[in-house]
Amino acid sequence: MTNEKEKILLSEENEDLNMLLKEPAYKVGAYSIDVQKRLLTFQGESKKLTNKELNLLILFAANTNKILERKYALKTVWKDDNYYNARSMDVYICKIRKLLIADPNIIIINIHGKGYKLIAPVSE
């Protein structure tokens, strides 16, 4: 049973994602992300993203070089932090690592007990 505090927390996290999805594009290292078209582009080559890939990648892009808390990412993208969703997120993290492999300046590291950190050069 979800209490009121959890409902408020979930709606705030969904609001965070909705705000991030309003941005037309993001840059991660040498990659660009077109939010509306759900495309990840690197050196002129584009790859179509699934909704989950896009949402998780946008969370990483918005938190480049910062810790992305595991529980926050689960509740934001999967709406629940149960065991099965956590395993699903682990698979998606692997997929995102593979999607970003062409740029050697980008790495996603695990922060034990906290979450993940996408380390990439920040372009200004």
# chains A, B, ... in the order shown; residues from 1 in each chain; ligands from 1
>>> closest_atom_pairs(of="range 13-54 of chain A", to="range 70-94 of chain A", cutoff="10 Å", atoms="only C-alpha atoms", output="Markdown table")
| residue | atom | partner | partner_atom | distance |
| --- | --- | --- | --- | --- |
| A:Glu13 | CA | A:Thr76 | CA | 5.2 |
| A:Asn14 | CA | A:Thr76 | CA | 5.7 |
| A:Glu15 | CA | A:Thr76 | CA | 8.8 |
| A:Asp16 | CA | A:Thr76 | CA | 7.9 |
| A:Leu17 | CA | A:Thr76 | CA | 6.7 |
| A:Asn18 | CA | A:Thr76 | CA | 9.8 |
| A:Asn51 | CA | A:Val77 | CA | 9.3 |
| A:Lys52 | CA | A:Val77 | CA | 6.8 |
| A:Glu53 | CA | A:Tyr92 | CA | 6.7 |
| A:Leu54 | CA | A:Val77 | CA | 9.8 |
>>> residues_around(residues="Val35 in chain A", least_positions_apart="3", cutoff="6 Å", atoms="only C-alpha atoms", output="PDB file with N, CA and C atoms, in the first residue's frame")
ATOM      1  N   PRO A  24      14.656  20.031 -26.201  1.00  0.00           N
ATOM      2  CA  PRO A  24      14.680  19.432 -27.544  1.00  0.00           C
ATOM      3  C   PRO A  24      15.874  18.501 -27.781  1.00  0.00           C
ATOM      4  N   ALA A  25      17.009  18.787 -27.119  1.00  0.00           N
ATOM      5  CA  ALA A  25      18.204  17.984 -27.372  1.00  0.00           C
ATOM      6  C   ALA A  25      19.152  18.028 -26.176  1.00  0.00           C
ATOM      7  N   ARG A  38      13.725  10.696 -30.750  1.00  0.00           N
ATOM      8  CA  ARG A  38      14.312   9.574 -30.010  1.00  0.00           C
ATOM      9  C   ARG A  38      15.539   9.020 -30.731  1.00  0.00           C
TER      10      ARG A  38
END
>>> select_by_dssp(residues="range 37-124 of chain A", states="strand (DSSP E)", output="VMD selection string")
chain A and resid 39 to 42 45 to 48 67 to 69 107 to 111 115 to 119
>>> write_last_selection(atoms="C-alpha atoms", output="PDB file, in the first residue's frame")
ATOM      1  CA  LEU A  39      17.632   9.535 -31.867  1.00  0.00           C
ATOM      2  CA  LEU A  40      21.160   9.171 -30.549  1.00  0.00           C
ATOM      3  CA  THR A  41      23.634  10.595 -33.081  1.00  0.00           C
ATOM      4  CA  PHE A  42      27.403  10.177 -33.254  1.00  0.00           C
ATOM      5  CA  GLU A  45      25.184   8.121 -37.689  1.00  0.00           C
ATOM      6  CA  SER A  46      21.904   7.862 -35.777  1.00  0.00           C
ATOM      7  CA  LYS A  47      20.399   5.096 -33.672  1.00  0.00           C
ATOM      8  CA  LYS A  48      16.717   4.982 -32.717  1.00  0.00           C
ATOM      9  CA  ILE A  67      25.840  10.617  -9.071  1.00  0.00           C
ATOM     10  CA  LEU A  68      22.510   9.394 -10.411  1.00  0.00           C
ATOM     11  CA  GLU A  69      20.930   7.609  -7.477  1.00  0.00           C
ATOM     12  CA  ILE A 107      32.180   6.051 -19.119  1.00  0.00           C
ATOM     13  CA  ILE A 108      29.371   4.987 -16.804  1.00  0.00           C
ATOM     14  CA  ILE A 109      30.652   3.768 -13.460  1.00  0.00           C
ATOM     15  CA  ASN A 110      28.837   2.078 -10.594  1.00  0.00           C
ATOM     16  CA  ILE A 111      28.978   3.894  -7.259  1.00  0.00           C
ATOM     17  CA  GLY A 115      23.920   4.469  -8.067  1.00  0.00           C
ATOM     18  CA  TYR A 116      25.766   5.409 -11.220  1.00  0.00           C
ATOM     19  CA  LYS A 117      27.888   8.213 -12.577  1.00  0.00           C
ATOM     20  CA  LEU A 118      28.210   9.112 -16.249  1.00  0.00           C
ATOM     21  CA  ILE A 119      31.618  10.697 -16.669  1.00  0.00           C
TER      22      ILE A 119
END
>>> closest_residue(among="A:Ala61, A:Leu100, A:Leu56, A:Leu49", to="Tyr26 in chain A", atoms="only C-alpha atoms")
A:Ala61
>>> closest_residue(among="A:Lys37, A:Lys114, A:Lys95, A:Lys66", to="Leu21 in chain A", atoms="only C-alpha atoms")
A:Lys37
>>> select_by_dssp(residues="chain A", states="alpha helix (DSSP H)", output="PDB file with N, CA and C atoms, in the first residue's frame")
ATOM      1  N   GLU A   4       0.781   8.541   1.359  1.00  0.00           N
ATOM      2  CA  GLU A   4       0.734   9.851   0.699  1.00  0.00           C
ATOM      3  C   GLU A   4       2.119  10.397   0.379  1.00  0.00           C
ATOM      4  N   LYS A   5       3.072  10.216   1.294  1.00  0.00           N
ATOM      5  CA  LYS A   5       4.419  10.726   1.070  1.00  0.00           C
ATOM      6  C   LYS A   5       5.036  10.075  -0.166  1.00  0.00           C
ATOM      7  N   GLU A   6       4.848   8.757  -0.344  1.00  0.00           N
ATOM      8  CA  GLU A   6       5.373   8.059  -1.511  1.00  0.00           C
ATOM      9  C   GLU A   6       4.692   8.530  -2.783  1.00  0.00           C
ATOM     10  N   LYS A   7       3.375   8.784  -2.732  1.00  0.00           N
ATOM     11  CA  LYS A   7       2.656   9.279  -3.908  1.00  0.00           C
ATOM     12  C   LYS A   7       3.205  10.632  -4.335  1.00  0.00           C
ATOM     13  N   ILE A   8       3.454  11.501  -3.370  1.00  0.00           N
ATOM     14  CA  ILE A   8       4.003  12.820  -3.684  1.00  0.00           C
ATOM     15  C   ILE A   8       5.391  12.661  -4.296  1.00  0.00           C
ATOM     16  N   LEU A   9       6.210  11.796  -3.719  1.00  0.00           N
ATOM     17  CA  LEU A   9       7.557  11.564  -4.221  1.00  0.00           C
ATOM     18  C   LEU A   9       7.515  11.044  -5.658  1.00  0.00           C
ATOM     19  N   LEU A  10       6.643  10.094  -5.936  1.00  0.00           N
ATOM     20  CA  LEU A  10       6.531   9.553  -7.286  1.00  0.00           C
ATOM     21  C   LEU A  10       6.088  10.623  -8.275  1.00  0.00           C
ATOM     22  N   SER A  11       5.133  11.448  -7.902  1.00  0.00           N
ATOM     23  CA  SER A  11       4.666  12.469  -8.834  1.00  0.00           C
ATOM     24  C   SER A  11       5.751  13.517  -9.073  1.00  0.00           C
ATOM     25  N   GLU A  12       6.548  13.835  -8.058  1.00  0.00           N
ATOM     26  CA  GLU A  12       7.648  14.785  -8.245  1.00  0.00           C
ATOM     27  C   GLU A  12       8.683  14.207  -9.197  1.00  0.00           C
ATOM     28  N   GLU A  13       8.977  12.911  -9.088  1.00  0.00           N
ATOM     29  CA  GLU A  13       9.951  12.286  -9.972  1.00  0.00           C
ATOM     30  C   GLU A  13       9.437  12.253 -11.407  1.00  0.00           C
ATOM     31  N   ASN A  14       8.139  11.970 -11.600  1.00  0.00           N
ATOM     32  CA  ASN A  14       7.567  11.988 -12.933  1.00  0.00           C
ATOM     33  C   ASN A  14       7.626  13.396 -13.508  1.00  0.00           C
ATOM     34  N   GLU A  15       7.412  14.379 -12.663  1.00  0.00           N
ATOM     35  CA  GLU A  15       7.489  15.772 -13.084  1.00  0.00           C
ATOM     36  C   GLU A  15       8.912  16.110 -13.529  1.00  0.00           C
ATOM     37  N   ASP A  16       9.909  15.600 -12.793  1.00  0.00           N
ATOM     38  CA  ASP A  16      11.309  15.809 -13.180  1.00  0.00           C
ATOM     39  C   ASP A  16      11.564  15.266 -14.584  1.00  0.00           C
ATOM     40  N   LEU A  17      11.094  14.060 -14.853  1.00  0.00           N
ATOM     41  CA  LEU A  17      11.301  13.450 -16.158  1.00  0.00           C
ATOM     42  C   LEU A  17      10.561  14.236 -17.239  1.00  0.00           C
ATOM     43  N   ASN A  18       9.341  14.644 -16.951  1.00  0.00           N
ATOM     44  CA  ASN A  18       8.581  15.429 -17.927  1.00  0.00           C
ATOM     45  C   ASN A  18       9.292  16.731 -18.263  1.00  0.00           C
ATOM     46  N   MET A  19       9.894  17.367 -17.264  1.00  0.00           N
ATOM     47  CA  MET A  19      10.651  18.606 -17.515  1.00  0.00           C
ATOM     48  C   MET A  19      11.863  18.309 -18.404  1.00  0.00           C
ATOM     49  N   LEU A  20      12.553  17.211 -18.135  1.00  0.00           N
ATOM     50  CA  LEU A  20      13.720  16.848 -18.930  1.00  0.00           C
ATOM     51  C   LEU A  20      13.332  16.510 -20.371  1.00  0.00           C
ATOM     52  N   LEU A  21      12.168  15.903 -20.548  1.00  0.00           N
ATOM     53  CA  LEU A  21      11.711  15.525 -21.887  1.00  0.00           C
ATOM     54  C   LEU A  21      11.288  16.739 -22.718  1.00  0.00           C
ATOM     55  N   ASN A  51      11.828   4.025 -25.573  1.00  0.00           N
ATOM     56  CA  ASN A  51      11.434   5.013 -24.566  1.00  0.00           C
ATOM     57  C   ASN A  51      12.267   4.885 -23.298  1.00  0.00           C
ATOM     58  N   LYS A  52      12.480   3.671 -22.834  1.00  0.00           N
ATOM     59  CA  LYS A  52      13.262   3.468 -21.606  1.00  0.00           C
ATOM     60  C   LYS A  52      14.707   3.914 -21.814  1.00  0.00           C
ATOM     61  N   GLU A  53      15.301   3.565 -22.964  1.00  0.00           N
ATOM     62  CA  GLU A  53      16.669   4.000 -23.253  1.00  0.00           C
ATOM     63  C   GLU A  53      16.748   5.523 -23.260  1.00  0.00           C
ATOM     64  N   LEU A  54      15.794   6.149 -23.923  1.00  0.00           N
ATOM     65  CA  LEU A  54      15.769   7.611 -23.999  1.00  0.00           C
ATOM     66  C   LEU A  54      15.644   8.224 -22.608  1.00  0.00           C
ATOM     67  N   ASN A  55      14.687   7.751 -21.831  1.00  0.00           N
ATOM     68  CA  ASN A  55      14.460   8.310 -20.499  1.00  0.00           C
ATOM     69  C   ASN A  55      15.688   8.148 -19.597  1.00  0.00           C
ATOM     70  N   LEU A  56      16.289   6.982 -19.617  1.00  0.00           N
ATOM     71  CA  LEU A  56      17.467   6.736 -18.786  1.00  0.00           C
ATOM     72  C   LEU A  56      18.657   7.558 -19.282  1.00  0.00           C
ATOM     73  N   LEU A  57      18.826   7.629 -20.585  1.00  0.00           N
ATOM     74  CA  LEU A  57      19.925   8.410 -21.155  1.00  0.00           C
ATOM     75  C   LEU A  57      19.769   9.894 -20.847  1.00  0.00           C
ATOM     76  N   ILE A  58      18.540  10.389 -20.874  1.00  0.00           N
ATOM     77  CA  ILE A  58      18.292  11.795 -20.538  1.00  0.00           C
ATOM     78  C   ILE A  58      18.611  12.052 -19.065  1.00  0.00           C
ATOM     79  N   LEU A  59      18.254  11.116 -18.192  1.00  0.00           N
ATOM     80  CA  LEU A  59      18.617  11.263 -16.779  1.00  0.00           C
ATOM     81  C   LEU A  59      20.131  11.340 -16.617  1.00  0.00           C
ATOM     82  N   PHE A  60      20.852  10.488 -17.341  1.00  0.00           N
ATOM     83  CA  PHE A  60      22.320  10.544 -17.291  1.00  0.00           C
ATOM     84  C   PHE A  60      22.827  11.870 -17.853  1.00  0.00           C
ATOM     85  N   ALA A  61      22.273  12.296 -18.982  1.00  0.00           N
ATOM     86  CA  ALA A  61      22.721  13.548 -19.616  1.00  0.00           C
ATOM     87  C   ALA A  61      22.491  14.740 -18.701  1.00  0.00           C
ATOM     88  N   ALA A  62      21.362  14.748 -18.011  1.00  0.00           N
ATOM     89  CA  ALA A  62      21.037  15.852 -17.106  1.00  0.00           C
ATOM     90  C   ALA A  62      21.893  15.813 -15.839  1.00  0.00           C
ATOM     91  N   ARG A  70      20.405   5.296  -7.768  1.00  0.00           N
ATOM     92  CA  ARG A  70      19.729   4.127  -8.330  1.00  0.00           C
ATOM     93  C   ARG A  70      18.220   4.157  -8.050  1.00  0.00           C
ATOM     94  N   LYS A  71      17.860   4.407  -6.816  1.00  0.00           N
ATOM     95  CA  LYS A  71      16.446   4.398  -6.441  1.00  0.00           C
ATOM     96  C   LYS A  71      15.682   5.503  -7.182  1.00  0.00           C
ATOM     97  N   TYR A  72      16.290   6.672  -7.297  1.00  0.00           N
ATOM     98  CA  TYR A  72      15.664   7.788  -8.014  1.00  0.00           C
ATOM     99  C   TYR A  72      15.443   7.418  -9.486  1.00  0.00           C
ATOM    100  N   ALA A  73      16.452   6.835 -10.127  1.00  0.00           N
ATOM    101  CA  ALA A  73      16.324   6.452 -11.538  1.00  0.00           C
ATOM    102  C   ALA A  73      15.236   5.396 -11.712  1.00  0.00           C
ATOM    103  N   TYR A  83      12.596  -5.467  -7.158  1.00  0.00           N
ATOM    104  CA  TYR A  83      13.739  -6.266  -7.610  1.00  0.00           C
ATOM    105  C   TYR A  83      13.746  -6.453  -9.127  1.00  0.00           C
ATOM    106  N   TYR A  84      12.593  -6.756  -9.716  1.00  0.00           N
ATOM    107  CA  TYR A  84      12.531  -7.042 -11.152  1.00  0.00           C
ATOM    108  C   TYR A  84      12.839  -5.795 -11.978  1.00  0.00           C
ATOM    109  N   ASN A  85      12.327  -4.668 -11.559  1.00  0.00           N
ATOM    110  CA  ASN A  85      12.637  -3.426 -12.257  1.00  0.00           C
ATOM    111  C   ASN A  85      14.114  -3.072 -12.097  1.00  0.00           C
ATOM    112  N   ALA A  86      14.675  -3.358 -10.935  1.00  0.00           N
ATOM    113  CA  ALA A  86      16.095  -3.091 -10.703  1.00  0.00           C
ATOM    114  C   ALA A  86      16.956  -3.919 -11.652  1.00  0.00           C
ATOM    115  N   ARG A  87      16.595  -5.179 -11.840  1.00  0.00           N
ATOM    116  CA  ARG A  87      17.341  -6.033 -12.780  1.00  0.00           C
ATOM    117  C   ARG A  87      17.165  -5.527 -14.209  1.00  0.00           C
ATOM    118  N   SER A  88      15.963  -5.096 -14.542  1.00  0.00           N
ATOM    119  CA  SER A  88      15.699  -4.534 -15.869  1.00  0.00           C
ATOM    120  C   SER A  88      16.564  -3.294 -16.105  1.00  0.00           C
ATOM    121  N   MET A  89      16.662  -2.448 -15.082  1.00  0.00           N
ATOM    122  CA  MET A  89      17.482  -1.249 -15.224  1.00  0.00           C
ATOM    123  C   MET A  89      18.949  -1.623 -15.445  1.00  0.00           C
ATOM    124  N   ASP A  90      19.433  -2.653 -14.771  1.00  0.00           N
ATOM    125  CA  ASP A  90      20.815  -3.107 -14.962  1.00  0.00           C
ATOM    126  C   ASP A  90      21.063  -3.470 -16.430  1.00  0.00           C
ATOM    127  N   VAL A  91      20.079  -4.119 -17.046  1.00  0.00           N
ATOM    128  CA  VAL A  91      20.190  -4.484 -18.461  1.00  0.00           C
ATOM    129  C   VAL A  91      20.237  -3.221 -19.321  1.00  0.00           C
ATOM    130  N   TYR A  92      19.388  -2.249 -19.008  1.00  0.00           N
ATOM    131  CA  TYR A  92      19.369  -1.005 -19.780  1.00  0.00           C
ATOM    132  C   TYR A  92      20.655  -0.200 -19.601  1.00  0.00           C
ATOM    133  N   ILE A  93      21.241  -0.248 -18.427  1.00  0.00           N
ATOM    134  CA  ILE A  93      22.528   0.425 -18.213  1.00  0.00           C
ATOM    135  C   ILE A  93      23.577  -0.194 -19.138  1.00  0.00           C
ATOM    136  N   CYS A  94      23.576  -1.521 -19.251  1.00  0.00           N
ATOM    137  CA  CYS A  94      24.499  -2.200 -20.170  1.00  0.00           C
ATOM    138  C   CYS A  94      24.252  -1.766 -21.609  1.00  0.00           C
ATOM    139  N   LYS A  95      22.985  -1.667 -21.997  1.00  0.00           N
ATOM    140  CA  LYS A  95      22.650  -1.223 -23.351  1.00  0.00           C
ATOM    141  C   LYS A  95      23.170   0.190 -23.598  1.00  0.00           C
ATOM    142  N   ILE A  96      22.998   1.059 -22.626  1.00  0.00           N
ATOM    143  CA  ILE A  96      23.451   2.437 -22.789  1.00  0.00           C
ATOM    144  C   ILE A  96      24.968   2.502 -22.863  1.00  0.00           C
ATOM    145  N   ARG A  97      25.634   1.697 -22.071  1.00  0.00           N
ATOM    146  CA  ARG A  97      27.103   1.640 -22.169  1.00  0.00           C
ATOM    147  C   ARG A  97      27.528   1.255 -23.587  1.00  0.00           C
ATOM    148  N   LYS A  98      26.838   0.275 -24.172  1.00  0.00           N
ATOM    149  CA  LYS A  98      27.158  -0.162 -25.540  1.00  0.00           C
ATOM    150  C   LYS A  98      26.840   0.937 -26.554  1.00  0.00           C
ATOM    151  N   LEU A  99      25.740   1.660 -26.341  1.00  0.00           N
ATOM    152  CA  LEU A  99      25.376   2.748 -27.257  1.00  0.00           C
ATOM    153  C   LEU A  99      26.419   3.858 -27.257  1.00  0.00           C
TER     154      LEU A  99
END
>>> atom_distance(atom1="CA of Ala120 in chain A", atom2="CA of Gly44 in chain A")
19.5 Å
>>> atom_distance(atom1="CA of Thr64 in chain A", atom2="CA of Lys22 in chain A")
17.9 Å
>>> closest_residue(among="A:Asp103, A:Asn65, A:Val122, A:Gly113", to="Ala30 in chain A", atoms="only C-alpha atoms")
A:Asp103
